[in-house]
Every structure is written in structure tokens, then in C-alpha cells.
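K.L.:
Structure file protein.txt (compact mmCIF, N, CA and C atoms) right here:
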```
# COMPACT_ATOMS: atom_id res chain seq x y z
N ARG A 1 0.82 -1.18 0.00
CA ARG A 1 0.00 0.00 0.00
C ARG A 1 0.87 1.25 0.00
N HIS A 2 0.31 2.29 -0.58
CA HIS A 2 0.98 3.58 -0.63
C HIS A 2 -0.06 4.67 -0.43
N LEU A 3 0.41 5.83 -0.09
CA LEU A 3 -0.45 6.98 0.15
C LEU A 3 -1.44 7.23 -0.99
N ILE A 4 -1.00 7.05 -2.24
CA ILE A 4 -1.92 7.39 -3.34
C ILE A 4 -3.13 6.46 -3.38
N GLU A 5 -3.00 5.28 -2.79
CA GLU A 5 -4.14 4.37 -2.75
C GLU A 5 -5.16 4.78 -1.70
N ASP A 6 -4.76 5.58 -0.75
CA ASP A 6 -5.65 6.04 0.31
C ASP A 6 -6.88 6.74 -0.26
N GLN A 7 -6.72 7.39 -1.41
CA GLN A 7 -7.85 8.09 -2.01
C GLN A 7 -8.99 7.15 -2.38
N VAL A 8 -8.69 5.89 -2.64
CA VAL A 8 -9.73 4.90 -2.93
C VAL A 8 -10.66 4.77 -1.73
N PHE A 9 -10.07 4.63 -0.55
CA PHE A 9 -10.87 4.42 0.65
C PHE A 9 -11.58 5.70 1.09
N ALA A 10 -10.97 6.84 0.86
CA ALA A 10 -11.64 8.10 1.17
C ALA A 10 -12.88 8.26 0.29
N ARG A 11 -12.74 7.97 -0.98
CA ARG A 11 -13.88 8.06 -1.90
C ARG A 11 -14.98 7.07 -1.52
N ALA A 12 -14.57 5.83 -1.21
CA ALA A 12 -15.55 4.81 -0.83
C ALA A 12 -16.30 5.23 0.43
N ASN A 13 -15.58 5.75 1.41
CA ASN A 13 -16.24 6.18 2.64
C ASN A 13 -17.17 7.37 2.41
N PHE A 14 -16.81 8.24 1.47
CA PHE A 14 -17.70 9.34 1.10
C PHE A 14 -18.97 8.78 0.44
N LEU A 15 -18.81 7.88 -0.50
CA LEU A 15 -19.96 7.29 -1.19
C LEU A 15 -20.86 6.49 -0.25
N GLU A 16 -20.26 5.89 0.76
CA GLU A 16 -21.02 5.12 1.74
C GLU A 16 -21.67 6.00 2.80
N GLY A 17 -21.39 7.32 2.77
CA GLY A 17 -21.98 8.24 3.73
C GLY A 17 -21.26 8.31 5.06
N ASN A 18 -20.04 7.80 5.10
CA ASN A 18 -19.27 7.81 6.35
C ASN A 18 -18.51 9.11 6.58
N ILE A 19 -18.31 9.89 5.51
CA ILE A 19 -17.72 11.23 5.67
C ILE A 19 -18.55 12.21 4.84
N SER A 20 -18.62 13.43 5.32
CA SER A 20 -19.45 14.45 4.67
C SER A 20 -18.75 15.01 3.43
N ALA A 21 -19.50 15.77 2.66
CA ALA A 21 -18.94 16.42 1.47
C ALA A 21 -17.84 17.41 1.86
N VAL A 22 -18.05 18.13 2.95
CA VAL A 22 -17.04 19.10 3.42
C VAL A 22 -15.78 18.35 3.84
N ASP A 23 -15.94 17.27 4.58
CA ASP A 23 -14.78 16.49 5.00
C ASP A 23 -14.06 15.89 3.80
N LYS A 24 -14.79 15.46 2.80
CA LYS A 24 -14.18 14.90 1.59
C LYS A 24 -13.41 16.00 0.84
N GLN A 25 -13.97 17.19 0.74
CA GLN A 25 -13.27 18.30 0.10
C GLN A 25 -11.99 18.64 0.85
N THR A 26 -12.07 18.63 2.17
CA THR A 26 -10.88 18.90 2.99
C THR A 26 -9.83 17.82 2.75
N TYR A 27 -10.28 16.57 2.74
CA TYR A 27 -9.36 15.46 2.47
C TYR A 27 -8.69 15.63 1.11
N ASP A 28 -9.49 15.92 0.08
CA ASP A 28 -8.95 16.07 -1.28
C ASP A 28 -7.91 17.18 -1.36
N LEU A 29 -8.18 18.29 -0.69
CA LEU A 29 -7.22 19.40 -0.66
C LEU A 29 -5.92 18.97 0.02
N LEU A 30 -6.03 18.34 1.17
CA LEU A 30 -4.84 17.85 1.88
C LEU A 30 -4.10 16.81 1.05
N PHE A 31 -4.85 15.89 0.46
CA PHE A 31 -4.24 14.84 -0.35
C PHE A 31 -3.44 15.44 -1.50
N ASP A 32 -4.05 16.37 -2.23
CA ASP A 32 -3.36 16.99 -3.37
C ASP A 32 -2.07 17.68 -2.95
N ASN A 33 -2.10 18.35 -1.78
CA ASN A 33 -0.90 19.02 -1.29
C ASN A 33 0.17 18.03 -0.84
N ILE A 34 -0.25 16.99 -0.16
CA ILE A 34 0.69 15.99 0.36
C ILE A 34 1.30 15.18 -0.79
N ILE A 35 0.49 14.82 -1.76
CA ILE A 35 0.97 13.94 -2.83
C ILE A 35 2.08 14.62 -3.65
N HIS A 36 2.04 15.94 -3.75
CA HIS A 36 3.09 16.65 -4.48
C HIS A 36 4.41 16.67 -3.72
N ALA A 37 4.33 16.52 -2.40
CA ALA A 37 5.55 16.52 -1.59
C ALA A 37 6.03 15.10 -1.27
N ALA A 38 5.17 14.11 -1.49
CA ALA A 38 5.50 12.74 -1.10
C ALA A 38 6.43 12.06 -2.11
N GLU A 39 7.17 11.12 -1.60
CA GLU A 39 7.97 10.25 -2.47
C GLU A 39 7.02 9.25 -3.09
N LEU A 40 6.86 9.33 -4.39
CA LEU A 40 5.93 8.43 -5.08
C LEU A 40 6.62 7.12 -5.44
N PRO A 41 5.84 6.07 -5.53
CA PRO A 41 6.44 4.75 -5.81
C PRO A 41 6.94 4.65 -7.24
N HIS A 42 7.87 3.76 -7.44
CA HIS A 42 8.36 3.46 -8.79
C HIS A 42 7.41 2.49 -9.48
N LEU A 43 6.64 1.78 -8.67
CA LEU A 43 5.80 0.71 -9.19
C LEU A 43 4.57 0.54 -8.31
N ILE A 44 3.42 0.39 -8.95
CA ILE A 44 2.19 0.01 -8.26
C ILE A 44 1.67 -1.22 -8.98
N ILE A 45 1.41 -2.27 -8.24
CA ILE A 45 0.84 -3.49 -8.81
C ILE A 45 -0.59 -3.58 -8.29
N TYR A 46 -1.53 -3.48 -9.20
CA TYR A 46 -2.95 -3.55 -8.86
C TYR A 46 -3.44 -4.95 -9.20
N LEU A 47 -3.74 -5.72 -8.18
CA LEU A 47 -4.25 -7.08 -8.36
C LEU A 47 -5.77 -6.97 -8.41
N LYS A 48 -6.30 -6.92 -9.62
CA LYS A 48 -7.71 -6.61 -9.85
C LYS A 48 -8.58 -7.86 -9.76
N ALA A 49 -9.62 -7.76 -8.94
CA ALA A 49 -10.63 -8.81 -8.84
C ALA A 49 -11.97 -8.12 -8.60
N ASP A 50 -13.01 -8.60 -9.23
CA ASP A 50 -14.29 -7.92 -9.05
C ASP A 50 -14.87 -8.22 -7.66
N SER A 51 -15.87 -7.43 -7.29
CA SER A 51 -16.42 -7.51 -5.93
C SER A 51 -17.05 -8.87 -5.65
N ALA A 52 -17.67 -9.48 -6.65
CA ALA A 52 -18.28 -10.80 -6.44
C ALA A 52 -17.21 -11.84 -6.11
N MET A 53 -16.08 -11.78 -6.82
CA MET A 53 -15.00 -12.72 -6.55
C MET A 53 -14.41 -12.47 -5.16
N CYS A 54 -14.23 -11.21 -4.79
CA CYS A 54 -13.71 -10.90 -3.46
C CYS A 54 -14.64 -11.44 -2.38
N ASN A 55 -15.93 -11.25 -2.57
CA ASN A 55 -16.90 -11.75 -1.60
C ASN A 55 -16.84 -13.28 -1.53
N GLU A 56 -16.74 -13.92 -2.67
CA GLU A 56 -16.63 -15.38 -2.71
C GLU A 56 -15.39 -15.84 -1.93
N ARG A 57 -14.28 -15.16 -2.11
CA ARG A 57 -13.05 -15.53 -1.39
C ARG A 57 -13.19 -15.31 0.11
N ILE A 58 -13.87 -14.25 0.50
CA ILE A 58 -14.12 -14.00 1.92
C ILE A 58 -14.95 -15.14 2.50
N LEU A 59 -15.99 -15.52 1.81
CA LEU A 59 -16.84 -16.61 2.28
C LEU A 59 -16.09 -17.94 2.34
N ARG A 60 -15.25 -18.18 1.35
CA ARG A 60 -14.47 -19.42 1.31
C ARG A 60 -13.47 -19.50 2.47
N ARG A 61 -12.88 -18.34 2.85
CA ARG A 61 -11.92 -18.33 3.97
C ARG A 61 -12.61 -18.59 5.29
N SER A 62 -13.89 -18.23 5.37
CA SER A 62 -14.72 -18.46 6.58
C SER A 62 -14.16 -17.82 7.84
N ARG A 63 -13.60 -16.63 7.71
CA ARG A 63 -13.14 -15.89 8.90
C ARG A 63 -14.31 -15.06 9.41
N ASP A 64 -14.75 -15.35 10.62
CA ASP A 64 -15.91 -14.65 11.17
C ASP A 64 -15.77 -13.14 11.10
N ILE A 65 -14.61 -12.63 11.42
CA ILE A 65 -14.40 -11.18 11.43
C ILE A 65 -14.66 -10.57 10.04
N GLU A 66 -14.28 -11.27 8.99
CA GLU A 66 -14.53 -10.77 7.63
C GLU A 66 -15.99 -10.94 7.23
N ILE A 67 -16.53 -12.12 7.48
CA ILE A 67 -17.91 -12.40 7.08
C ILE A 67 -18.89 -11.47 7.79
N ASN A 68 -18.62 -11.19 9.06
CA ASN A 68 -19.55 -10.38 9.87
C ASN A 68 -19.34 -8.87 9.72
N THR A 69 -18.24 -8.45 9.11
CA THR A 69 -17.98 -7.00 9.05
C THR A 69 -17.85 -6.43 7.65
N ILE A 70 -17.60 -7.25 6.66
CA ILE A 70 -17.42 -6.72 5.29
C ILE A 70 -18.70 -6.95 4.49
N ASP A 71 -19.39 -5.86 4.26
CA ASP A 71 -20.65 -5.88 3.53
C ASP A 71 -20.36 -6.04 2.03
N PRO A 72 -21.03 -6.96 1.35
CA PRO A 72 -20.84 -7.11 -0.10
C PRO A 72 -21.11 -5.82 -0.87
N GLU A 73 -22.00 -4.98 -0.38
CA GLU A 73 -22.26 -3.69 -1.04
C GLU A 73 -21.05 -2.78 -0.93
N TYR A 74 -20.34 -2.84 0.20
CA TYR A 74 -19.12 -2.05 0.35
C TYR A 74 -18.07 -2.53 -0.64
N LEU A 75 -18.01 -3.82 -0.87
CA LEU A 75 -17.06 -4.35 -1.86
C LEU A 75 -17.38 -3.81 -3.26
N LYS A 76 -18.65 -3.67 -3.57
CA LYS A 76 -19.04 -3.09 -4.86
C LYS A 76 -18.60 -1.62 -4.95
N THR A 77 -18.77 -0.90 -3.84
CA THR A 77 -18.33 0.50 -3.81
C THR A 77 -16.82 0.58 -3.99
N LEU A 78 -16.09 -0.29 -3.30
CA LEU A 78 -14.63 -0.31 -3.45
C LEU A 78 -14.24 -0.63 -4.90
N GLU A 79 -14.95 -1.55 -5.51
CA GLU A 79 -14.66 -1.90 -6.91
C GLU A 79 -14.80 -0.67 -7.81
N THR A 80 -15.86 0.09 -7.61
CA THR A 80 -16.06 1.32 -8.38
C THR A 80 -14.92 2.31 -8.13
N CYS A 81 -14.54 2.46 -6.88
CA CYS A 81 -13.47 3.41 -6.53
C CYS A 81 -12.13 2.94 -7.07
N TYR A 82 -11.87 1.65 -7.04
CA TYR A 82 -10.62 1.15 -7.61
C TYR A 82 -10.61 1.31 -9.13
N ASP A 83 -11.77 1.19 -9.77
CA ASP A 83 -11.84 1.45 -11.22
C ASP A 83 -11.44 2.89 -11.52
N GLU A 84 -11.92 3.83 -10.69
CA GLU A 84 -11.54 5.24 -10.85
C GLU A 84 -10.04 5.43 -10.61
N PHE A 85 -9.51 4.76 -9.60
CA PHE A 85 -8.08 4.81 -9.28
C PHE A 85 -7.27 4.30 -10.47
N GLU A 86 -7.71 3.20 -11.05
CA GLU A 86 -7.01 2.63 -12.21
C GLU A 86 -7.06 3.59 -13.40
N LYS A 87 -8.19 4.25 -13.61
CA LYS A 87 -8.29 5.21 -14.72
C LYS A 87 -7.33 6.38 -14.51
N ARG A 88 -7.18 6.80 -13.27
CA ARG A 88 -6.30 7.94 -12.99
C ARG A 88 -4.83 7.57 -13.17
N TRP A 89 -4.42 6.41 -12.68
CA TRP A 89 -3.01 6.04 -12.66
C TRP A 89 -2.63 4.97 -13.67
N GLY A 90 -3.59 4.25 -14.20
CA GLY A 90 -3.31 3.08 -15.02
C GLY A 90 -2.54 3.31 -16.29
N GLY A 91 -2.59 4.50 -16.84
CA GLY A 91 -1.87 4.79 -18.07
C GLY A 91 -0.38 5.02 -17.88
N GLU A 92 0.02 5.15 -16.65
CA GLU A 92 1.43 5.41 -16.37
C GLU A 92 2.23 4.11 -16.45
N ARG A 93 3.47 4.22 -16.85
CA ARG A 93 4.29 3.03 -17.05
C ARG A 93 4.60 2.27 -15.77
N GLY A 94 4.58 2.93 -14.64
CA GLY A 94 4.87 2.27 -13.37
C GLY A 94 3.65 1.64 -12.74
N PHE A 95 2.54 1.59 -13.45
CA PHE A 95 1.30 1.02 -12.92
C PHE A 95 1.02 -0.27 -13.66
N VAL A 96 0.94 -1.36 -12.92
CA VAL A 96 0.70 -2.68 -13.52
C VAL A 96 -0.63 -3.20 -13.00
N THR A 97 -1.57 -3.48 -13.90
CA THR A 97 -2.84 -4.10 -13.52
C THR A 97 -2.79 -5.56 -13.93
N LEU A 98 -3.06 -6.42 -12.96
CA LEU A 98 -3.11 -7.85 -13.23
C LEU A 98 -4.49 -8.37 -12.85
N ASP A 99 -5.07 -9.17 -13.73
CA ASP A 99 -6.35 -9.79 -13.42
C ASP A 99 -6.09 -10.88 -12.39
N TRP A 100 -6.39 -10.58 -11.14
CA TRP A 100 -6.05 -11.48 -10.05
C TRP A 100 -6.89 -12.75 -10.08
N SER A 101 -7.97 -12.76 -10.82
CA SER A 101 -8.77 -13.98 -10.92
C SER A 101 -8.04 -15.06 -11.71
N GLU A 102 -7.03 -14.68 -12.48
CA GLU A 102 -6.31 -15.64 -13.32
C GLU A 102 -5.08 -16.24 -12.67
N PHE A 103 -4.61 -15.68 -11.58
CA PHE A 103 -3.34 -16.12 -11.01
C PHE A 103 -3.55 -16.91 -9.72
N HIS A 104 -2.85 -18.03 -9.64
CA HIS A 104 -3.02 -18.89 -8.48
C HIS A 104 -1.73 -19.19 -7.74
N ASP A 105 -0.59 -18.89 -8.35
CA ASP A 105 0.68 -19.13 -7.66
C ASP A 105 1.64 -17.98 -7.92
N ILE A 106 2.64 -17.91 -7.08
CA ILE A 106 3.57 -16.77 -7.12
C ILE A 106 4.40 -16.75 -8.41
N GLU A 107 4.77 -17.91 -8.92
CA GLU A 107 5.59 -17.95 -10.13
C GLU A 107 4.85 -17.34 -11.32
N CYS A 108 3.59 -17.68 -11.46
CA CYS A 108 2.78 -17.14 -12.56
C CYS A 108 2.59 -15.63 -12.40
N THR A 109 2.31 -15.21 -11.19
CA THR A 109 2.11 -13.78 -10.92
C THR A 109 3.39 -13.00 -11.18
N PHE A 110 4.49 -13.49 -10.64
CA PHE A 110 5.78 -12.81 -10.82
C PHE A 110 6.13 -12.73 -12.31
N GLY A 111 5.88 -13.81 -13.05
CA GLY A 111 6.14 -13.82 -14.50
C GLY A 111 5.31 -12.78 -15.22
N ALA A 112 4.04 -12.64 -14.84
CA ALA A 112 3.18 -11.65 -15.47
C ALA A 112 3.65 -10.23 -15.17
N ILE A 113 4.10 -10.00 -13.96
CA ILE A 113 4.61 -8.68 -13.58
C ILE A 113 5.87 -8.36 -14.39
N LEU A 114 6.80 -9.31 -14.46
CA LEU A 114 8.02 -9.09 -15.23
C LEU A 114 7.72 -8.82 -16.71
N LYS A 115 6.79 -9.58 -17.25
CA LYS A 115 6.41 -9.39 -18.66
C LYS A 115 5.87 -7.99 -18.88
N HIS A 116 4.99 -7.56 -18.00
CA HIS A 116 4.40 -6.24 -18.13
C HIS A 116 5.47 -5.15 -18.03
N LEU A 117 6.35 -5.29 -17.06
CA LEU A 117 7.40 -4.29 -16.87
C LEU A 117 8.35 -4.25 -18.06
N THR A 118 8.64 -5.39 -18.62
CA THR A 118 9.52 -5.46 -19.79
C THR A 118 8.86 -4.78 -20.99
N GLU A 119 7.58 -5.06 -21.18
CA GLU A 119 6.85 -4.47 -22.31
C GLU A 119 6.69 -2.97 -22.18
N LYS A 120 6.49 -2.49 -20.97
CA LYS A 120 6.26 -1.06 -20.78
C LYS A 120 7.52 -0.28 -20.43
N SER A 121 8.62 -0.95 -20.25
CA SER A 121 9.88 -0.33 -19.82
C SER A 121 9.65 0.64 -18.68
N LEU A 122 9.53 0.07 -17.50
CA LEU A 122 9.19 0.76 -16.26
C LEU A 122 9.74 2.18 -16.17
N LYS A 123 8.86 3.09 -15.80
CA LYS A 123 9.20 4.50 -15.65
C LYS A 123 8.84 4.94 -14.23
N ASN A 124 9.61 5.81 -13.67
CA ASN A 124 9.41 6.27 -12.31
C ASN A 124 8.19 7.19 -12.21
N PHE A 125 7.37 6.99 -11.17
CA PHE A 125 6.22 7.84 -10.94
C PHE A 125 6.60 9.28 -10.62
N LYS A 126 7.85 9.52 -10.24
CA LYS A 126 8.28 10.90 -9.96
C LYS A 126 8.07 11.78 -11.19
N LYS A 127 8.18 11.22 -12.35
CA LYS A 127 7.99 12.00 -13.57
C LYS A 127 6.56 12.52 -13.66
N ILE A 128 5.61 11.78 -13.12
CA ILE A 128 4.21 12.23 -13.10
C ILE A 128 4.11 13.49 -12.26
N LYS A 129 4.75 13.45 -11.09
CA LYS A 129 4.71 14.59 -10.18
C LYS A 129 5.34 15.81 -10.83
N GLU A 130 6.42 15.62 -11.54
CA GLU A 130 7.09 16.73 -12.21
C GLU A 130 6.19 17.36 -13.27
N LYS A 131 5.46 16.54 -14.01
CA LYS A 131 4.54 17.05 -15.03
C LYS A 131 3.45 17.90 -14.42
N LYS A 132 2.92 17.49 -13.26
CA LYS A 132 1.82 18.21 -12.62
C LYS A 132 2.26 19.57 -12.11
N LYS A 133 3.53 19.72 -11.77
CA LYS A 133 4.01 21.00 -11.25
C LYS A 133 4.13 22.06 -12.34
N LYS A 134 4.25 21.65 -13.59
CA LYS A 134 4.45 22.61 -14.69
C LYS A 134 3.21 23.38 -15.01
```
Rewrite the coordinates I just gave you, this time as C-alpha cells.

P.N.:
Amino acid sequence: RHLIEDQVFARANFLEGNISAVDKQTYDLLFDNIIHAAELPHLIIYLKADSAMCNERILRRSRDIEINTIDPEYLKTLETCYDEFEKRWGGERGFVTLDWSEFHDIECTFGAILKHLTEKSLKNFKKIKEKKKK
């Protein structure tokens, strides 16, 4: 996890009614100021799975704490917010999206990450920050 992913949860909590519009505006202002000063990652790996699959995995694990506290509707909200996150950052070379429903072992996942990085010739996210300052 990195600071830039925090915006996913802030948006989800706003959509779920857990924070007000004023609080969300304050968060966005603070986030925009902090993100320009923060050390941004060289790489973000987004392991994408839809909300139905996430819910299925939660049920399969059978952990009471997850089953009793994670609402499937919240997972749908998170899915929407992660889609927005991917649209914002996904075009950058340091952002790798992997369909997590397809990977079952570390070797396959690592191979997919390496392939993606080789094809896109990994670029540092700092360059994104530099562009925004201009």
C-alpha cells in the first residue's frame, strides 16, 4: 500500500456516507498538497478482482471477522473506486494491472509482472509529479 491508494478508501467512505462532502473536500485538498511533496512509488501493482470474486473468497476463507464485518455492497463500492483509481493512474508506465482472478501461484504472478514491466519499460512515478508541477 501507498499513500496514493488512500484516495480509494476516502472516496468509498464518502460514497457510503461515512464522511461528509465538506470532510471529503478537505481530504482532497490535503491529499493533493501531500501527494506533491510525497515520495511516489516506482511501481504500483494492482491485483484486480471484481467484488463478487472478493466476496466469494471471503466466504471461502470463513473468517468470522470478515464475514460479519465486510458488507458485499461495500465491496461493490470499493470496486467502483478502484476502477476510478485505475483510470487515474493506469496509463502510467509504473502502474501494472493484473487480473487477479487468473493467477493462483507466485511464479505465474511474478512472471506476469516481469512481462508487463519489460513491455512497458518501467518509468518512475516521480515523472508524473514533475509534469503536474508545470

K.L.:
Using CA of Ile113 (chain A) and CA of Glu5 (chain A) as the two end points, give the distance in Å to one decimal.

P.N.:
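Straight-line distance from CA of Ile113 (chain A) to CA of Glu5 (chain A) works out to 19.1 Å.
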
K.L.:
Name the residues of region 8-114 of chain A that come out as strand (DSSP E or B) in a backbone DSSP run; write them as a list in words.

P.N.:
Ile44, Ile45, Tyr46, Leu47, Lys48, Phe95, Val96, Thr97, Leu98 and Asp99 of chain A

K.L.:
Taking into account all atoms listed in the file, which residue in the set A:Gln7, A:Ser51, A:Asn33, A:Thr97 is nearest to Thr77 (chain A)?

P.N.:
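Looking only at the distances to Thr77 (chain A), the closest residue turns out to be A:Ser51.
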
K.L.:
From the options A:Glu73, A:Lys115, A:Thr109, A:Phe95, which residue's atoms come nearest to His42 (chain A), counting all atoms listed in the file?

P.N.:
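Closest candidate: A:Phe95.
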
K.L.:
Just the number, please: distance in Å from CA of Leu47 (chain A) to atom C of Leu98 (chain A), one decimal.

P.N.:
4.7 Å

K.L.:
For Met53 (chain A), which residue among A:Leu30, A:Ser101, A:Ile70, A:Leu3 is the nearest when counting all atoms listed in the file?

P.N.:
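Result for the nearest residue to Met53 (chain A): A:Ser101.
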
K.L.:
In Å to one decimal, how far is atom C of Ile19 (chain A) from atom C of Glu79 (chain A)?

P.N.:
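According to the coordinates, atom C of Glu79 (chain A) and atom C of Ile19 (chain A) are separated by 18.4 Å.
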
K.L.:
Rank A:Leu59, A:Ile67, A:Ala38, A:Ala49 by their smallest atom-to-atom distance to Asp99 (chain A), using only N, CA and C atoms, and report the top residue only.

P.N.:
A:Ala49

K.L.:
Could you check the closest approach to Trp89 (chain A) for each of A:Leu43, A:Asp105, A:Arg60, A:Ala52 and tell me which residue wins, using only C-alpha atoms?

P.N.:
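Comparing A:Leu43, A:Asp105, A:Arg60, A:Ala52 against Trp89 (chain A), the winner is A:Leu43.
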
K.L.:
Go through region 28-125 of chain A and collect every residue that DSSP, computed from the backbone, puts in alpha helix (DSSP H); the answer should be as a ChimeraX atom specification.

P.N.:
/A:28-37,51-61,64-69,72-89,106-120

K.L.:
Leaving out Ala10 (chain A) and any residue of its chain fewer than 6 positions from it, which residues lie within 8 Å of it when counting only N, CA and C atoms, given as a PyMOL selection string?

P.N.:
chain A and resi 16+19+24+27

K.L.:
Ranking A:Val96, A:Glu84, A:Glu39, A:Leu75 by minimum distance to Phe110 (chain A) and counting only C-alpha atoms, which one comes first?

P.N.:
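Answer, going by the shortest atom-to-atom distance: A:Val96.
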